[in-house]
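Novice: The structure under discussion is supplied below as structure tokens; questions concerning it will follow.
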Amino acid sequence: MKAELQKQEERTATIFAGDYLNKITGEKIELECRRKIQAGCDTLVVNFSETEIVNSIGVSILLGVIDAASQAETKVVFTEVSEDTSQLFEMLGLTNHVTMQ
């Protein structure tokens, strides 16, 4: 998992989800996302370009990130999501709360 903060004026943080989003990697992603939100980022981008599998615990953790971002009025964007993962997110309703790119 990698994290980067883009230009400070934009206050956009990009988090890379890694190849398998499960409890272990999910907790790392959640911690990093919460740090970026607390640091004042107004757009949180989660990049799934390397992600092959997302399990149910990973989805649950993403819901926690979405909730924390919503409370802080931070926009959440999911990018480079595979077709299968995109269908999963849509079926579970995550796409109602994030922007998909």
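We name chains A, B, ... following the order of the structure tokens; residues begin at 1 in each chain, and ligands are numbered from 1 as shown.
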Got a sec to tell me which of chain A DSSP assigns to helix (DSSP H, G or I), as number ranges by chain?

Specialist: A: 23-38, 56-71, 83-92, 94-96

Novice: Could you dump the residues just selected with N, CA and C atoms as a CSV table (one decimal), in the first residue's frame?

Specialist:
```
chain,number,residue,atom,x,y,z
A,23,LYS,N,-8.5,-8.0,5.7
A,23,LYS,CA,-8.4,-7.4,7.0
A,23,LYS,C,-7.0,-6.7,7.2
A,24,ILE,N,-6.0,-7.3,6.9
A,24,ILE,CA,-4.6,-6.7,7.2
A,24,ILE,C,-4.4,-5.5,6.3
A,25,THR,N,-4.5,-5.6,5.0
A,25,THR,CA,-4.3,-4.5,4.2
A,25,THR,C,-5.4,-3.4,4.4
A,26,GLY,N,-6.6,-3.9,4.6
A,26,GLY,CA,-7.7,-2.9,4.8
A,26,GLY,C,-7.5,-2.0,6.0
A,27,GLU,N,-7.0,-2.6,7.1
A,27,GLU,CA,-6.7,-1.8,8.3
A,27,GLU,C,-5.6,-0.8,8.1
A,28,LYS,N,-4.6,-1.1,7.3
A,28,LYS,CA,-3.6,-0.2,6.9
A,28,LYS,C,-4.1,0.9,6.1
A,29,ILE,N,-5.0,0.6,5.1
A,29,ILE,CA,-5.6,1.6,4.3
A,29,ILE,C,-6.5,2.5,5.1
A,30,GLU,N,-7.3,1.9,6.0
A,30,GLU,CA,-8.2,2.7,6.8
A,30,GLU,C,-7.4,3.7,7.7
A,31,LEU,N,-6.3,3.2,8.3
A,31,LEU,CA,-5.5,4.1,9.1
A,31,LEU,C,-4.9,5.3,8.3
A,32,GLU,N,-4.4,5.0,7.1
A,32,GLU,CA,-3.9,6.0,6.2
A,32,GLU,C,-4.9,7.0,5.8
A,33,CYS,N,-6.1,6.5,5.4
A,33,CYS,CA,-7.2,7.3,5.0
A,33,CYS,C,-7.6,8.3,6.1
A,34,ARG,N,-7.8,7.7,7.3
A,34,ARG,CA,-8.2,8.5,8.5
A,34,ARG,C,-7.1,9.6,8.8
A,35,ARG,N,-5.8,9.3,8.6
A,35,ARG,CA,-4.8,10.3,8.8
A,35,ARG,C,-4.9,11.4,7.8
A,36,LYS,N,-5.2,11.1,6.5
A,36,LYS,CA,-5.3,12.1,5.5
A,36,LYS,C,-6.5,13.0,5.7
A,37,ILE,N,-7.6,12.3,6.2
A,37,ILE,CA,-8.8,13.1,6.5
A,37,ILE,C,-8.6,14.1,7.6
A,38,GLN,N,-7.9,13.6,8.7
A,38,GLN,CA,-7.6,14.4,9.8
A,38,GLN,C,-6.6,15.5,9.5
A,56,SER,N,-15.0,-9.6,2.0
A,56,SER,CA,-16.0,-9.0,2.7
A,56,SER,C,-15.5,-8.1,3.8
A,57,ILE,N,-14.4,-8.5,4.4
A,57,ILE,CA,-13.8,-7.6,5.5
A,57,ILE,C,-13.3,-6.3,4.9
A,58,GLY,N,-12.7,-6.5,3.7
A,58,GLY,CA,-12.2,-5.3,3.0
A,58,GLY,C,-13.3,-4.3,2.6
A,59,VAL,N,-14.4,-4.9,2.2
A,59,VAL,CA,-15.6,-4.0,1.9
A,59,VAL,C,-16.1,-3.3,3.2
A,60,SER,N,-16.1,-4.1,4.3
A,60,SER,CA,-16.6,-3.5,5.5
A,60,SER,C,-15.7,-2.3,6.0
A,61,ILE,N,-14.4,-2.5,5.8
A,61,ILE,CA,-13.4,-1.5,6.1
A,61,ILE,C,-13.6,-0.2,5.2
A,62,LEU,N,-13.8,-0.5,3.9
A,62,LEU,CA,-14.1,0.6,3.0
A,62,LEU,C,-15.3,1.4,3.4
A,63,LEU,N,-16.3,0.7,3.9
A,63,LEU,CA,-17.5,1.4,4.4
A,63,LEU,C,-17.2,2.3,5.6
A,64,GLY,N,-16.3,1.9,6.5
A,64,GLY,CA,-15.8,2.7,7.6
A,64,GLY,C,-15.1,3.9,7.1
A,65,VAL,N,-14.3,3.8,6.1
A,65,VAL,CA,-13.6,4.9,5.5
A,65,VAL,C,-14.6,5.9,4.9
A,66,ILE,N,-15.6,5.4,4.2
A,66,ILE,CA,-16.6,6.2,3.5
A,66,ILE,C,-17.3,7.0,4.6
A,67,ASP,N,-17.7,6.3,5.7
A,67,ASP,CA,-18.4,7.0,6.8
A,67,ASP,C,-17.6,8.1,7.5
A,68,ALA,N,-16.3,7.8,7.7
A,68,ALA,CA,-15.4,8.8,8.3
A,68,ALA,C,-15.2,10.0,7.4
A,69,ALA,N,-15.1,9.7,6.1
A,69,ALA,CA,-15.0,10.8,5.1
A,69,ALA,C,-16.2,11.6,5.0
A,70,SER,N,-17.4,11.0,5.1
A,70,SER,CA,-18.7,11.7,5.0
A,70,SER,C,-18.8,12.6,6.2
A,71,GLN,N,-18.4,12.2,7.4
A,71,GLN,CA,-18.5,13.0,8.6
A,71,GLN,C,-17.6,14.2,8.5
A,83,GLU,N,-13.5,-4.5,-13.5
A,83,GLU,CA,-14.9,-4.7,-13.8
A,83,GLU,C,-15.6,-5.5,-12.7
A,84,ASP,N,-15.0,-6.6,-12.3
A,84,ASP,CA,-15.5,-7.5,-11.2
A,84,ASP,C,-15.7,-6.8,-9.9
A,85,THR,N,-14.7,-6.0,-9.5
A,85,THR,CA,-14.8,-5.3,-8.2
A,85,THR,C,-15.8,-4.2,-8.3
A,86,SER,N,-15.9,-3.5,-9.5
A,86,SER,CA,-16.9,-2.5,-9.7
A,86,SER,C,-18.3,-3.0,-9.6
A,87,GLN,N,-18.5,-4.2,-10.1
A,87,GLN,CA,-19.8,-4.8,-10.0
A,87,GLN,C,-20.1,-5.2,-8.5
A,88,LEU,N,-19.1,-5.7,-7.8
A,88,LEU,CA,-19.3,-6.0,-6.4
A,88,LEU,C,-19.7,-4.7,-5.6
A,89,PHE,N,-18.9,-3.6,-5.8
A,89,PHE,CA,-19.2,-2.4,-5.2
A,89,PHE,C,-20.6,-1.9,-5.5
A,90,GLU,N,-21.0,-2.0,-6.7
A,90,GLU,CA,-22.4,-1.6,-7.1
A,90,GLU,C,-23.4,-2.4,-6.5
A,91,MET,N,-23.3,-3.7,-6.5
A,91,MET,CA,-24.2,-4.6,-5.9
A,91,MET,C,-24.4,-4.4,-4.4
A,92,LEU,N,-23.3,-4.0,-3.7
A,92,LEU,CA,-23.3,-3.8,-2.3
A,92,LEU,C,-23.7,-2.3,-1.9
A,94,LEU,N,-21.9,0.5,-2.5
A,94,LEU,CA,-20.8,1.5,-2.2
A,94,LEU,C,-20.8,2.6,-3.2
A,95,THR,N,-21.2,2.3,-4.5
A,95,THR,CA,-21.1,3.3,-5.5
A,95,THR,C,-22.1,4.4,-5.3
A,96,ASN,N,-23.1,4.2,-4.3
A,96,ASN,CA,-24.0,5.3,-4.0
A,96,ASN,C,-23.3,6.4,-3.2
```

Novice: Can you list every residue in chain A that DSSP puts in strand (DSSP E or B), as a ChimeraX atom specification?

Specialist: /A:3-5,12-16,20-21,43-47,53-54,75-79,99-100

Novice: Export C-alpha atoms of the chosen residues as a JSON list (two decimals), in the first residue's frame?

Specialist:
```
[["chain", "number", "residue", "atom", "x", "y", "z"],
["A", 3, "ALA", "CA", 0.03, 6.83, -0.05],
["A", 4, "GLU", "CA", 0.76, 10.23, -1.48],
["A", 5, "LEU", "CA", -0.58, 13.72, -0.93],
["A", 12, "THR", "CA", -6.16, 15.53, -2.50],
["A", 13, "ALA", "CA", -4.71, 12.33, -1.07],
["A", 14, "THR", "CA", -4.24, 9.17, -3.12],
["A", 15, "ILE", "CA", -4.11, 5.79, -1.41],
["A", 16, "PHE", "CA", -3.15, 2.64, -3.35],
["A", 20, "TYR", "CA", -5.61, -8.02, -2.06],
["A", 21, "LEU", "CA", -7.95, -5.95, 0.11],
["A", 43, "THR", "CA", -10.71, 14.58, -1.66],
["A", 44, "LEU", "CA", -9.61, 11.05, -0.87],
["A", 45, "VAL", "CA", -8.73, 8.93, -3.91],
["A", 46, "VAL", "CA", -8.46, 5.16, -3.43],
["A", 47, "ASN", "CA", -6.63, 3.63, -6.38],
["A", 53, "ILE", "CA", -9.42, -9.37, -4.86],
["A", 54, "VAL", "CA", -11.58, -7.54, -2.30],
["A", 75, "LYS", "CA", -15.16, 13.40, -1.07],
["A", 76, "VAL", "CA", -14.19, 9.78, -1.76],
["A", 77, "VAL", "CA", -13.18, 8.68, -5.26],
["A", 78, "PHE", "CA", -12.44, 5.08, -6.32],
["A", 79, "THR", "CA", -10.18, 4.87, -9.39],
["A", 99, "THR", "CA", -17.38, 8.72, -7.19],
["A", 100, "MET", "CA", -16.17, 5.99, -9.53]]
```
